[in-house]
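Worksheet: the structure to be examined is printed underneath.
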Amino acid sequence: MKDEQFIDIAIEISRNAKYPYGAIVVKNGEIIGRSDDNTLMKKSMYSHPELEAIESASKNKNLYGDLKGTVIYVSCEPCMMCMGAILYEGISKLVYAATLQDSNNLYCPEVITDIDVLAKYSNHKIEIVKELHRDKAVEVLKNRGEK
């Protein structure tokens, strides 16, 4: 599958989740971690979809601390905390749809951070693909923000 197909899966998770955010972790073309609706304050306020998908991938493949070569697809640009986890785990590529500003404008207040600046502090290089299928993710945020 291509980035476009994987980001659509993350967006679909966000559409069905209690809170409108979703994430998956992919390795060698296989989804190894998913957030589904186990996000945002179901367990704790730190249960963001990126962290849930990373935890899921780590448990499923016994890859704690070794997610090199994986790609994380998220329906919304990661917050500072989640970006830190992505960098810490050594994930090779990040693909996101909506921006933090979109989330701030349409759903909930966000601390707007520059993930490119955060990525400079990483011990490894990470490829970042921004705003892929942003319109689809924004629609989810907009629909959920109106409720």
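Identifiers in the structure tokens: chain A, B, ... in order shown; residue index from 1 per chain; ligand index from 1 in order shown.
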- Task: Pick out the residues sitting within 8 Å of Pro78 of chain A, and hand them over as a ChimeraX atom specification; count only C-alpha atoms, and ignore anything fewer than 2 positions along from it in its own chain.
- Result: /A:50,74,76,80-83,96,100,115
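Across segment 61-142 of chain A, DSSP run on the backbone finds strand (DSSP E) at Thr70, Val71, Ile72, Tyr73, Val74, Ser75, Cys76, Lys93, Leu94, Val95, Tyr96, Ala97, Ala98, Glu127, Ile128 and Val129 of chain A.
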Give one line per residue of segment 50-110 of chain A that approaches segment 30-37 of chain A to at most 7 Å, naming the two atoms of the closest pair and their distance in Å to one decimal, counting only C-alpha atoms; sort by chain then ascending residue number and deliver it as JSON lines.
```
{"residue": "A:Glu52", "atom": "CA", "partner": "A:Ser35", "partner_atom": "CA", "distance": 5.0}
{"residue": "A:Ala53", "atom": "CA", "partner": "A:Arg34", "partner_atom": "CA", "distance": 4.4}
{"residue": "A:Ile54", "atom": "CA", "partner": "A:Gly33", "partner_atom": "CA", "distance": 6.3}
{"residue": "A:Ser56", "atom": "CA", "partner": "A:Gly33", "partner_atom": "CA", "distance": 4.6}
{"residue": "A:Ala57", "atom": "CA", "partner": "A:Gly33", "partner_atom": "CA", "distance": 3.9}
{"residue": "A:Asn60", "atom": "CA", "partner": "A:Ile32", "partner_atom": "CA", "distance": 6.8}
```
Selection from above, all heavy atoms, as a PDB file, in the first residue's frame, can you write it?
```pdb
ATOM      1  N   GLU A  52      -0.565   5.319  21.742  1.00  0.00           N
ATOM      2  CA  GLU A  52      -1.278   4.038  21.744  1.00  0.00           C
ATOM      3  C   GLU A  52      -0.824   3.159  20.585  1.00  0.00           C
ATOM      4  O   GLU A  52      -0.641   1.947  20.741  1.00  0.00           O
ATOM      5  CB  GLU A  52      -2.786   4.264  21.684  1.00  0.00           C
ATOM      6  CG  GLU A  52      -3.358   4.890  22.933  1.00  0.00           C
ATOM      7  CD  GLU A  52      -3.221   4.035  24.182  1.00  0.00           C
ATOM      8  OE1 GLU A  52      -3.297   2.788  24.079  1.00  0.00           O
ATOM      9  OE2 GLU A  52      -3.039   4.604  25.265  1.00  0.00           O
ATOM     10  N   ALA A  53      -0.631   3.739  19.401  1.00  0.00           N
ATOM     11  CA  ALA A  53      -0.176   2.961  18.244  1.00  0.00           C
ATOM     12  C   ALA A  53       1.257   2.471  18.452  1.00  0.00           C
ATOM     13  O   ALA A  53       1.583   1.333  18.112  1.00  0.00           O
ATOM     14  CB  ALA A  53      -0.278   3.800  16.964  1.00  0.00           C
ATOM     15  N   ILE A  54       2.109   3.326  19.020  1.00  0.00           N
ATOM     16  CA  ILE A  54       3.488   2.920  19.327  1.00  0.00           C
ATOM     17  C   ILE A  54       3.484   1.790  20.346  1.00  0.00           C
ATOM     18  O   ILE A  54       4.186   0.784  20.189  1.00  0.00           O
ATOM     19  CB  ILE A  54       4.314   4.121  19.827  1.00  0.00           C
ATOM     20  CG1 ILE A  54       4.585   5.095  18.681  1.00  0.00           C
ATOM     21  CG2 ILE A  54       5.622   3.664  20.481  1.00  0.00           C
ATOM     22  CD1 ILE A  54       5.157   6.436  19.115  1.00  0.00           C
ATOM     23  N   SER A  56       1.064  -0.320  20.968  1.00  0.00           N
ATOM     24  CA  SER A  56       0.504  -1.495  20.296  1.00  0.00           C
ATOM     25  C   SER A  56       1.556  -2.186  19.432  1.00  0.00           C
ATOM     26  O   SER A  56       1.711  -3.411  19.480  1.00  0.00           O
ATOM     27  CB  SER A  56      -0.702  -1.067  19.444  1.00  0.00           C
ATOM     28  OG  SER A  56      -1.161  -2.111  18.638  1.00  0.00           O
ATOM     29  N   ALA A  57       2.301  -1.411  18.656  1.00  0.00           N
ATOM     30  CA  ALA A  57       3.353  -1.984  17.806  1.00  0.00           C
ATOM     31  C   ALA A  57       4.437  -2.635  18.651  1.00  0.00           C
ATOM     32  O   ALA A  57       4.910  -3.731  18.333  1.00  0.00           O
ATOM     33  CB  ALA A  57       3.967  -0.896  16.933  1.00  0.00           C
ATOM     34  N   ASN A  60       2.964  -5.910  20.156  1.00  0.00           N
ATOM     35  CA  ASN A  60       2.677  -6.926  19.146  1.00  0.00           C
ATOM     36  C   ASN A  60       3.938  -7.562  18.577  1.00  0.00           C
ATOM     37  O   ASN A  60       3.945  -8.737  18.253  1.00  0.00           O
ATOM     38  CB  ASN A  60       1.864  -6.323  17.996  1.00  0.00           C
ATOM     39  CG  ASN A  60       0.446  -6.022  18.389  1.00  0.00           C
ATOM     40  OD1 ASN A  60      -0.065  -6.538  19.375  1.00  0.00           O
ATOM     41  ND2 ASN A  60      -0.205  -5.173  17.617  1.00  0.00           N
TER      42      ASN A  60
END
```
- Restricting to only C-alpha atoms, whichever of A:Glu4, A:Glu139, A:Glu55, A:Glu131 is closest to Glu77 of chain A is A:Glu131
Show me, as a tab-separated table, the residues of segment 45-76 of chain A having an atom within 10 Å of segment 6-17 of chain A, each with the closest atom pair and its distance in Å, using only C-alpha atoms.
```
residue	atom	partner	partner_atom	distance
A:Pro49	CA	A:Ser14	CA	9.0
A:Val71	CA	A:Phe6	CA	9.7
A:Ile72	CA	A:Ile7	CA	9.1
A:Tyr73	CA	A:Ile7	CA	5.5
A:Val74	CA	A:Ala10	CA	5.7
A:Ser75	CA	A:Ile11	CA	5.0
A:Cys76	CA	A:Ile11	CA	8.6
```
Go ahead and write the residues just picked, C-alpha atoms, as a PDB file, in the first residue's frame.
```pdb
ATOM      1  CA  PRO A  49      -3.272   7.920  19.438  1.00  0.00           C
ATOM      2  CA  VAL A  71       6.359   4.652   9.553  1.00  0.00           C
ATOM      3  CA  ILE A  72       3.711   6.285  11.738  1.00  0.00           C
ATOM      4  CA  TYR A  73       0.592   7.658  10.074  1.00  0.00           C
ATOM      5  CA  VAL A  74      -1.497  10.069  12.132  1.00  0.00           C
ATOM      6  CA  SER A  75      -4.711  11.873  11.357  1.00  0.00           C
ATOM      7  CA  CYS A  76      -3.378  15.048  12.978  1.00  0.00           C
TER       8      CYS A  76
END
```
Hey, what's within 10 Å of Asp66 of chain A if we count only C-alpha atoms and toss same-chain stuff fewer than 5 positions away? As a PDB file with C-alpha atoms, in the first residue's frame, please?
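Produced file part.pdb, reproduced below:
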```pdb
ATOM      1  CA  SER A  58       5.863  -2.512  20.598  1.00  0.00           C
ATOM      2  CA  LYS A  61       6.194  -7.286  17.799  1.00  0.00           C
ATOM      3  CA  TYR A  88      12.676   8.589  20.976  1.00  0.00           C
ATOM      4  CA  GLU A  89      11.476   5.341  19.404  1.00  0.00           C
ATOM      5  CA  GLY A  90      13.535   5.891  16.270  1.00  0.00           C
ATOM      6  CA  ILE A  91      10.590   5.860  13.870  1.00  0.00           C
TER       7      ILE A  91
END
```
- Pick the closest to Val140 of chain A from A:Ala97, A:Ser47, A:Thr70, A:Asp116: which is it, counting only C-alpha atoms?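 Answer, going by the shortest atom-to-atom distance: A:Ala97.
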- Note on the structure: As a check of understanding: the span from atom CA of Leu94 of chain A to atom CA of Ile112 of chain A is 17.4 Å
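Between atom CA of Lys27 of chain A and atom CA of His133 of chain A the interatomic distance comes to 20.9 Å.
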- Quote the spacing between atom CA of Val129 of chain A and atom CA of Leu87 of chain A in Å to one decimal place.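 Rounded to one decimal, the two atoms are 14.7 Å apart.
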- Find the residues around Lys120 of chain A up to 12 Å (only C-alpha atoms counted), leave out those fewer than 6 positions away in its own chain, and share them as a ChimeraX atom specification. /A:83-84,87,114,126-128
File dump, residues just selected, N, CA and C atoms, as a PDB file, in the first residue's frame:
```pdb
ATOM      1  N   MET A  83       5.453  13.852  19.525  1.00  0.00           N
ATOM      2  CA  MET A  83       6.613  13.972  18.648  1.00  0.00           C
ATOM      3  C   MET A  83       7.865  13.508  19.377  1.00  0.00           C
ATOM      4  N   GLY A  84       7.952  13.823  20.652  1.00  0.00           N
ATOM      5  CA  GLY A  84       9.076  13.335  21.442  1.00  0.00           C
ATOM      6  C   GLY A  84       9.133  11.812  21.475  1.00  0.00           C
ATOM      7  N   LEU A  87      10.260  10.445  18.054  1.00  0.00           N
ATOM      8  CA  LEU A  87      11.708  10.596  17.890  1.00  0.00           C
ATOM      9  C   LEU A  87      12.466   9.642  18.795  1.00  0.00           C
ATOM     10  N   ASP A 114       6.552  23.514  16.495  1.00  0.00           N
ATOM     11  CA  ASP A 114       7.156  23.297  15.193  1.00  0.00           C
ATOM     12  C   ASP A 114       7.875  21.952  15.248  1.00  0.00           C
ATOM     13  N   ILE A 126      14.529  11.768  10.538  1.00  0.00           N
ATOM     14  CA  ILE A 126      13.164  11.324  10.314  1.00  0.00           C
ATOM     15  C   ILE A 126      12.600  12.087   9.117  1.00  0.00           C
ATOM     16  N   GLU A 127      11.973  11.352   8.225  1.00  0.00           N
ATOM     17  CA  GLU A 127      11.283  11.978   7.093  1.00  0.00           C
ATOM     18  C   GLU A 127       9.892  12.383   7.563  1.00  0.00           C
ATOM     19  N   ILE A 128       9.475  13.583   7.226  1.00  0.00           N
ATOM     20  CA  ILE A 128       8.157  14.066   7.624  1.00  0.00           C
ATOM     21  C   ILE A 128       7.369  14.459   6.376  1.00  0.00           C
TER      22      ILE A 128
END
```
- Task: Go through A:Ala98, A:Ala23, A:Leu132, A:Ile86 and flag the residue nearest Asp3 of chain A, using only C-alpha atoms for the distances.
- Result: A:Leu132
- Rank nothing, just name the residue among A:Val95, A:Cys79, A:Ala85, A:Val138 nearest to Ile24 of chain A, using only C-alpha atoms. A:Val95
- Message: Measuring between only C-alpha atoms, which one of A:Ala137, A:Val111, A:Ala119, A:Val25 shows the shortest distance to Lys68 of chain A?
- Response: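 Selected residue with least distance to Lys68 of chain A: A:Val25.
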- Using only C-alpha atoms, which residues sit within 6 Å of segment 103-109 of chain A once same-chain residues fewer than 2 positions away are excluded, as a ChimeraX atom specification? /A:100-101,141-142,145
- Extract the full set of helix (DSSP H, G or I) residues from chain A according to DSSP on the backbone, and format it as JSON, numbers by chain. {"A": [3, 4, 5, 6, 7, 8, 9, 10, 11, 12, 13, 14, 15, 16, 49, 50, 51, 52, 53, 54, 55, 56, 57, 58, 59, 60, 61, 80, 81, 82, 83, 84, 85, 86, 87, 88, 89, 100, 101, 102, 103, 104, 105, 106, 115, 116, 117, 118, 119, 134, 135, 136, 137, 138, 139, 140, 141, 142, 143, 144, 145]}
- Message: For a quick check of understanding, using only C-alpha atoms, which of A:Lys136, A:Gly29, A:Tyr19, A:Ser92 has the smallest distance to Ser122 of chain A?
- Response: A:Ser92
